[in-house]
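Dropping final.tsv in here (TSV, C-alpha atoms):
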```
chain	number	residue	atom	x	y	z
A	1	MET	CA	-59.67	-23.80	-44.36
A	2	PRO	CA	-56.78	-26.14	-45.16
A	3	ARG	CA	-54.40	-25.41	-48.02
A	4	PRO	CA	-51.27	-26.98	-49.50
A	5	LEU	CA	-48.35	-26.81	-47.08
A	6	LEU	CA	-45.85	-24.04	-47.82
A	7	ALA	CA	-42.42	-23.26	-46.42
A	8	GLY	CA	-42.69	-25.52	-43.40
A	9	HIS	CA	-46.08	-24.19	-42.24
A	10	GLY	CA	-47.79	-27.47	-41.38
A	11	ASN	CA	-51.36	-28.23	-40.37
A	12	ASP	CA	-50.43	-29.73	-37.00
A	13	ARG	CA	-51.27	-26.47	-35.21
A	14	THR	CA	-54.39	-24.42	-35.90
A	15	VAL	CA	-55.12	-20.71	-36.12
A	16	LEU	CA	-58.57	-20.16	-34.59
A	17	PHE	CA	-60.66	-17.09	-35.45
A	18	TYR	CA	-63.39	-16.23	-32.94
A	19	GLY	CA	-66.39	-13.92	-33.26
A	20	HIS	CA	-70.12	-13.76	-32.59
A	21	LEU	CA	-73.25	-12.99	-34.59
A	22	ASP	CA	-75.70	-12.03	-31.84
A	23	LYS	CA	-76.28	-8.33	-31.20
A	24	GLN	CA	-76.97	-5.90	-28.40
A	25	PRO	CA	-80.48	-4.33	-28.35
A	26	GLU	CA	-80.78	-1.66	-31.04
A	27	MET	CA	-81.09	1.26	-28.56
A	28	SER	CA	-81.56	4.88	-29.65
A	29	GLY	CA	-79.33	7.81	-30.56
A	30	TRP	CA	-78.55	6.96	-34.17
A	31	ARG	CA	-77.19	9.74	-36.35
A	32	ALA	CA	-79.56	11.23	-38.92
A	33	GLY	CA	-79.86	8.91	-41.91
A	34	LEU	CA	-78.74	5.85	-39.96
A	35	GLY	CA	-80.63	3.25	-37.99
A	36	PRO	CA	-80.51	-0.31	-36.72
A	37	TRP	CA	-82.70	-1.75	-39.45
A	38	GLN	CA	-81.33	0.12	-42.48
A	39	PRO	CA	-77.77	-0.88	-43.40
A	40	VAL	CA	-76.00	2.07	-44.99
A	41	LEU	CA	-72.63	2.25	-46.75
A	42	ILE	CA	-70.73	5.53	-46.25
A	43	ASP	CA	-67.21	5.87	-47.67
A	44	GLY	CA	-66.93	2.11	-47.91
A	45	ARG	CA	-67.99	1.50	-44.31
A	46	LEU	CA	-71.14	-0.34	-43.28
A	47	TYR	CA	-73.39	1.20	-40.62
A	48	GLY	CA	-76.17	-0.82	-38.99
A	49	ARG	CA	-77.09	-2.82	-35.92
A	50	GLY	CA	-74.17	-4.92	-34.75
A	51	ALA	CA	-71.84	-4.07	-37.63
A	52	ALA	CA	-69.04	-3.28	-35.18
A	53	ASP	CA	-70.06	-5.69	-32.41
A	54	ASP	CA	-69.57	-8.15	-33.82
A	55	GLY	CA	-70.74	-8.42	-37.42
A	56	TYR	CA	-67.34	-7.66	-38.86
A	57	ALA	CA	-65.66	-10.76	-37.39
A	58	ILE	CA	-66.48	-13.39	-39.98
A	59	TYR	CA	-65.84	-11.06	-42.91
A	60	SER	CA	-62.52	-9.89	-41.49
A	61	ALA	CA	-61.37	-13.47	-40.90
A	62	LEU	CA	-62.27	-14.62	-44.40
A	63	SER	CA	-60.79	-11.48	-45.97
A	64	ALA	CA	-57.50	-11.94	-44.12
A	65	ILE	CA	-57.24	-15.60	-45.15
A	66	ALA	CA	-58.14	-14.78	-48.76
A	67	ALA	CA	-55.52	-12.02	-48.86
A	68	LEU	CA	-52.83	-14.43	-47.69
A	69	ASP	CA	-53.82	-17.02	-50.27
A	70	VAL	CA	-54.00	-14.53	-53.15
A	71	THR	CA	-50.56	-13.16	-52.38
A	72	GLY	CA	-49.11	-16.63	-51.81
A	73	VAL	CA	-48.13	-16.03	-48.19
A	74	PRO	CA	-47.69	-19.34	-46.32
A	75	ARG	CA	-50.19	-20.04	-43.56
A	76	PRO	CA	-51.26	-22.98	-41.42
A	77	HIS	CA	-54.70	-24.54	-41.12
A	78	CYS	CA	-57.32	-21.92	-40.14
A	79	VAL	CA	-60.70	-22.51	-38.54
A	80	GLY	CA	-63.45	-20.16	-37.43
A	81	LEU	CA	-65.74	-20.31	-34.41
A	82	ILE	CA	-68.67	-17.89	-34.64
A	83	GLU	CA	-71.14	-18.16	-31.75
A	84	THR	CA	-74.59	-16.66	-31.24
A	85	CYS	CA	-74.72	-16.31	-27.45
A	86	GLU	CA	-71.84	-13.97	-26.56
A	87	GLU	CA	-74.03	-11.05	-25.50
A	88	SER	CA	-75.93	-13.38	-23.16
A	89	GLY	CA	-72.83	-14.76	-21.44
A	90	SER	CA	-71.71	-17.55	-23.80
A	91	PHE	CA	-73.26	-20.11	-21.46
A	92	ASP	CA	-73.43	-22.74	-24.21
A	93	LEU	CA	-69.94	-22.11	-25.63
A	94	PRO	CA	-68.09	-24.71	-23.48
A	95	ALA	CA	-70.34	-27.50	-24.80
A	96	TYR	CA	-69.61	-26.48	-28.39
A	97	LEU	CA	-65.88	-26.28	-27.69
A	98	ASP	CA	-65.94	-29.84	-26.37
A	99	HIS	CA	-68.01	-31.05	-29.31
A	100	LEU	CA	-65.85	-29.32	-31.93
A	101	ALA	CA	-62.48	-30.09	-30.33
A	102	PRO	CA	-61.52	-32.68	-32.99
A	103	ARG	CA	-62.20	-30.18	-35.77
A	104	LEU	CA	-60.45	-27.30	-33.98
A	105	GLY	CA	-57.28	-29.35	-33.56
A	106	GLN	CA	-54.27	-28.17	-31.59
A	107	VAL	CA	-54.82	-24.39	-31.47
A	108	GLY	CA	-51.53	-22.53	-31.66
A	109	LEU	CA	-52.99	-19.03	-32.09
A	110	LEU	CA	-56.38	-17.63	-31.10
A	111	ILE	CA	-57.50	-14.40	-32.77
A	112	GLY	CA	-60.49	-12.86	-30.99
A	113	LEU	CA	-62.24	-10.55	-33.43
A	114	ASP	CA	-64.42	-8.78	-30.88
A	115	SER	CA	-62.72	-5.55	-29.87
A	116	GLY	CA	-62.46	-1.94	-30.94
A	117	CYS	CA	-59.96	0.15	-32.82
A	118	GLY	CA	-58.79	3.72	-32.46
A	119	ASP	CA	-58.94	4.64	-36.15
A	120	TYR	CA	-58.91	3.12	-39.62
A	121	GLU	CA	-55.38	4.23	-40.48
A	122	ARG	CA	-53.52	1.36	-38.80
A	123	LEU	CA	-53.99	-2.18	-37.51
A	124	TRP	CA	-54.94	-2.31	-33.84
A	125	MET	CA	-54.45	-5.15	-31.38
A	126	THR	CA	-55.99	-5.24	-27.91
A	127	THR	CA	-53.39	-6.27	-25.33
A	128	SER	CA	-55.61	-5.85	-22.26
A	129	LEU	CA	-59.26	-5.21	-21.55
A	130	ARG	CA	-61.51	-4.69	-18.57
A	131	GLY	CA	-61.75	-7.37	-15.92
A	132	MET	CA	-64.70	-8.28	-13.77
A	133	LEU	CA	-65.20	-10.13	-10.51
A	134	GLY	CA	-68.83	-11.02	-9.95
A	135	GLY	CA	-70.53	-11.71	-6.67
A	136	VAL	CA	-73.63	-11.15	-4.54
A	137	LEU	CA	-73.56	-8.89	-1.50
A	138	ARG	CA	-76.65	-8.81	0.70
A	139	VAL	CA	-77.34	-6.72	3.79
A	140	ASP	CA	-80.11	-7.86	6.14
A	141	VAL	CA	-81.20	-5.54	8.97
A	142	LEU	CA	-84.81	-6.51	9.72
A	143	ARG	CA	-86.70	-9.78	9.35
A	144	GLU	CA	-89.56	-8.07	7.50
A	145	GLY	CA	-90.55	-4.72	6.05
A	146	VAL	CA	-91.65	-1.91	8.37
A	147	HIS	CA	-93.02	1.61	7.89
A	148	SER	CA	-90.29	4.16	7.28
A	149	GLY	CA	-92.05	6.65	9.53
A	150	ASN	CA	-91.46	4.37	12.51
A	151	ALA	CA	-88.02	3.07	11.56
A	152	SER	CA	-86.29	6.25	10.39
A	153	GLY	CA	-83.51	7.24	12.78
A	154	ILE	CA	-83.71	3.95	14.65
A	155	VAL	CA	-83.10	1.22	12.08
A	156	PRO	CA	-79.83	1.73	10.22
A	157	SER	CA	-79.96	2.16	6.46
A	158	SER	CA	-79.04	-1.04	4.64
A	159	PHE	CA	-77.65	1.07	1.81
A	160	ARG	CA	-75.34	2.95	4.19
A	161	ILE	CA	-74.08	-0.37	5.57
A	162	LEU	CA	-73.59	-1.64	2.04
A	163	ARG	CA	-71.66	1.48	1.10
A	164	THR	CA	-69.43	1.07	4.16
A	165	LEU	CA	-68.68	-2.53	3.21
A	166	LEU	CA	-67.86	-1.60	-0.37
A	167	ASP	CA	-65.59	1.18	0.83
A	168	ARG	CA	-63.45	-1.49	2.43
A	169	VAL	CA	-62.76	-2.81	-1.06
A	170	ASP	CA	-62.22	0.37	-3.04
A	171	ASP	CA	-62.00	4.10	-2.42
A	172	SER	CA	-65.29	5.56	-3.68
A	173	ARG	CA	-63.57	8.90	-4.37
A	174	THR	CA	-60.84	7.52	-6.63
A	175	GLY	CA	-61.88	3.96	-7.50
A	176	LYS	CA	-58.54	2.64	-6.27
A	177	LEU	CA	-58.65	-0.81	-4.70
A	178	ARG	CA	-57.52	-0.65	-1.08
A	179	ASP	CA	-56.15	-4.14	-0.40
A	180	PRO	CA	-52.59	-4.63	-1.69
A	181	VAL	CA	-53.56	-8.12	-2.85
A	182	TYR	CA	-55.40	-6.45	-5.74
A	183	GLN	CA	-52.43	-4.28	-6.70
A	184	VAL	CA	-50.12	-5.60	-9.37
A	185	PRO	CA	-47.22	-3.85	-11.08
A	186	ILE	CA	-47.96	-2.58	-14.56
A	187	PRO	CA	-45.28	-3.75	-17.02
A	188	ALA	CA	-43.18	-0.92	-18.43
A	189	ASP	CA	-44.02	-1.90	-22.01
A	190	ARG	CA	-47.76	-1.59	-21.27
A	191	ILE	CA	-47.25	1.92	-19.90
A	192	GLU	CA	-45.27	2.82	-23.01
A	193	GLU	CA	-48.05	1.43	-25.20
A	194	ALA	CA	-50.64	3.50	-23.33
A	195	HIS	CA	-48.61	6.68	-23.88
A	196	THR	CA	-48.27	5.83	-27.58
A	197	VAL	CA	-52.01	5.26	-27.96
A	198	GLY	CA	-52.72	8.53	-26.16
A	199	ALA	CA	-50.39	10.39	-28.50
A	200	VAL	CA	-52.08	8.87	-31.55
A	201	LEU	CA	-55.70	9.40	-30.50
A	202	GLY	CA	-55.40	12.59	-28.46
A	203	ASP	CA	-58.72	14.00	-27.29
A	204	ARG	CA	-60.65	11.43	-29.30
A	205	ILE	CA	-60.18	9.09	-26.35
A	206	TRP	CA	-62.80	11.00	-24.36
A	207	GLN	CA	-64.66	12.79	-27.15
A	208	GLN	CA	-66.12	9.50	-28.41
A	209	PHE	CA	-68.49	9.26	-25.43
A	210	PRO	CA	-71.96	10.92	-25.19
A	211	TRP	CA	-71.26	13.02	-22.10
A	212	VAL	CA	-74.16	14.54	-20.15
A	213	ARG	CA	-74.14	18.34	-20.26
A	214	HIS	CA	-75.87	20.69	-17.86
A	215	ALA	CA	-78.71	22.83	-19.14
A	216	ASP	CA	-76.66	26.01	-18.68
A	217	ASP	CA	-73.64	24.61	-20.51
A	218	PRO	CA	-73.05	26.89	-23.52
A	219	ALA	CA	-71.29	24.16	-25.45
A	220	SER	CA	-73.43	22.15	-27.82
A	221	GLU	CA	-73.47	18.35	-27.84
A	222	GLU	CA	-71.38	18.36	-31.00
A	223	SER	CA	-68.77	20.77	-29.70
A	224	ASP	CA	-65.35	19.42	-28.78
A	225	ALA	CA	-64.01	22.77	-27.66
A	226	ARG	CA	-64.12	22.02	-23.96
A	227	ALA	CA	-63.87	19.14	-21.54
A	228	PRO	CA	-67.14	17.35	-20.71
A	229	SER	CA	-69.13	17.77	-17.55
A	230	LEU	CA	-68.58	15.01	-15.02
A	231	PRO	CA	-71.12	12.21	-15.52
A	232	THR	CA	-73.53	11.36	-12.74
A	233	TRP	CA	-72.03	8.69	-10.47
A	234	SER	CA	-74.16	5.82	-9.29
A	235	ARG	CA	-73.69	2.44	-7.68
A	236	ARG	CA	-76.22	-0.35	-7.86
A	237	SER	CA	-76.72	-2.66	-4.93
```
Represent the structure of the file as structure tokens.
Amino acid sequence: MPRPLLAGHGNDRTVLFYGHLDKQPEMSGWRAGLGPWQPVLIDGRLYGRGAADDGYAIYSALSAIAALDVTGVPRPHCVGLIETCEESGSFDLPAYLDHLAPRLGQVGLLIGLDSGCGDYERLWMTTSLRGMLGGVLRVDVLREGVHSGNASGIVPSSFRILRTLLDRVDDSRTGKLRDPVYQVPIPADRIEEAHTVGAVLGDRIWQQFPWVRHADDPASEESDARAPSLPTWSRRS
């Protein structure tokens, strides 16, 4: 979206807005009166499948640009990239980036509109998010399957071997990575930001999740009067 140049803000560097239109499966657990296939407006907010992830992206980008233009605030050239494969791994995104490179120009700022916010009272910016290192770990003990009645107590459990190998990487009790190569110092400003976010959100940080409760737990699912039960831990091999 080019516009007349203002106050030295040229079009030589681009602001790129990113988002995606594909959705996660609709799943279950919708609140009464809401559902994936019935968009509902409540207090000016839209509820429906994918409204938060990531249907808001294109509307937020256009609204922000329009607000700048209406108020006469100078801005550079802005472009949007909205993909439809993010939830499947964005495997075709690199090809589109190469194809659209001339139109994207020299990107000076990338705004990824695909994150969450703590509340609607302030503007939130994600400074860090989860990381992931993918790989395949396979444990072979026997050349072919055998009857467990014969093998039990003689053939070692492949799962137990797998668990031992994984315990070399991280402590299964705490989740802390063991090798110092994975340990990096946390910048002081990030720690300060985390304390600030905690002070703003309070118990909402953990109350937002649908914790499993034991059958004898007197607290109802809607009650926030007590800490949640610990969720069941599992590891997939």
Q: Go through A:Leu177, A:Val40, A:Val197, A:Leu21 one by one, measure the shortest atom-to-atom distance of each to Met125 in chain A using only C-alpha atoms, and give the residue with the smallest value.
A: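 That would be A:Val197, the residue with the smallest distance to Met125 in chain A.
Closest to Leu16 in chain A among A:Glu87, A:Gly112, A:Gln38, A:His99 is A:Gly112, based on all atoms listed in the file.
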Q: Identify, on the basis of all atoms listed in the file, every residue whose closest approach to Tyr96 in chain A does not exceed 12 Å; exclude the query and any residue fewer than 6 positions from it along the same chain; express the result as a ChimeraX atom specification.
A: /A:81-85,90,102-104
Q: List the residues sitting within 9 Å of (-75.5, -0.7, -36.3) in the file's frame, using all atoms listed in the file, as a list in words.
A: Glu26, Trp30, Leu34, Gly35, Pro36, Trp37, Gln38, Pro39, Leu46, Tyr47, Gly48, Arg49, Gly50, Ala51, Ala52 and Asp53 of chain A
Same residues, C-alpha atoms, output as a short mmCIF file (atom, residue, chain, number, x, y, z; two decimals), in the frame of the given file:
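This went into again34.cif:
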```
data_model
loop_
_atom_site.label_atom_id
_atom_site.label_comp_id
_atom_site.auth_asym_id
_atom_site.auth_seq_id
_atom_site.Cartn_x
_atom_site.Cartn_y
_atom_site.Cartn_z
CA GLU A 26 -80.78 -1.66 -31.04
CA TRP A 30 -78.55 6.96 -34.17
CA LEU A 34 -78.74 5.85 -39.96
CA GLY A 35 -80.63 3.25 -37.99
CA PRO A 36 -80.51 -0.31 -36.72
CA TRP A 37 -82.70 -1.75 -39.45
CA GLN A 38 -81.33 0.12 -42.48
CA PRO A 39 -77.77 -0.88 -43.40
CA LEU A 46 -71.14 -0.34 -43.28
CA TYR A 47 -73.39 1.20 -40.62
CA GLY A 48 -76.17 -0.82 -38.99
CA ARG A 49 -77.09 -2.82 -35.92
CA GLY A 50 -74.17 -4.92 -34.75
CA ALA A 51 -71.84 -4.07 -37.63
CA ALA A 52 -69.04 -3.28 -35.18
CA ASP A 53 -70.06 -5.69 -32.41
#
```
Q: Quote the spacing between CA of Arg160 in chain A and CA of Arg138 in chain A in Å to one decimal place.
A: 12.3 Å
Q. In terms of the shortest atom-to-atom distance over all atoms listed in the file, which of A:Tyr182, A:Ile42, A:Glu193, A:Thr174 is closest to Ser128 in chain A?
A.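 Checking each of A:Tyr182, A:Ile42, A:Glu193, A:Thr174 against Ser128 in chain A, counting all atoms listed in the file, the winner is A:Glu193.
Within the 12 Å cut-off around Leu137 in chain A, using all atoms listed in the file and omitting residues fewer than 2 positions from it on the same chain, the listed residues are Gly134, Gly135, Val139, Asp140, Ser158, Phe159, Ile161, Leu162, Arg163, Leu165, Leu166, Arg236 and Ser237 of chain A.
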Export of the given selection (C-alpha atoms) as a PDB file, in the frame of the given file:
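Everything below was put into again.pdb:
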```pdb
ATOM      1  CA  GLY A 134     -68.830 -11.020  -9.950  1.00  0.00           C
ATOM      2  CA  GLY A 135     -70.530 -11.710  -6.670  1.00  0.00           C
ATOM      3  CA  VAL A 139     -77.340  -6.720   3.790  1.00  0.00           C
ATOM      4  CA  ASP A 140     -80.110  -7.860   6.140  1.00  0.00           C
ATOM      5  CA  SER A 158     -79.040  -1.040   4.640  1.00  0.00           C
ATOM      6  CA  PHE A 159     -77.650   1.070   1.810  1.00  0.00           C
ATOM      7  CA  ILE A 161     -74.080  -0.370   5.570  1.00  0.00           C
ATOM      8  CA  LEU A 162     -73.590  -1.640   2.040  1.00  0.00           C
ATOM      9  CA  ARG A 163     -71.660   1.480   1.100  1.00  0.00           C
ATOM     10  CA  LEU A 165     -68.680  -2.530   3.210  1.00  0.00           C
ATOM     11  CA  LEU A 166     -67.860  -1.600  -0.370  1.00  0.00           C
ATOM     12  CA  ARG A 236     -76.220  -0.350  -7.860  1.00  0.00           C
ATOM     13  CA  SER A 237     -76.720  -2.660  -4.930  1.00  0.00           C
TER      14      SER A 237
END
```
Q | CA of Val107 in chain A to CA of Thr127 in chain A, distance in Å rounded to a single decimal | A |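 Computing it gives 19.2 Å between the two atoms.
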Q: Compare A:His214, A:Arg122, A:His77, A:His20 by their minimum atom-to-atom distance to Gln106 in chain A, counting all atoms listed in the file, and give me the closest one.
A: A:His77
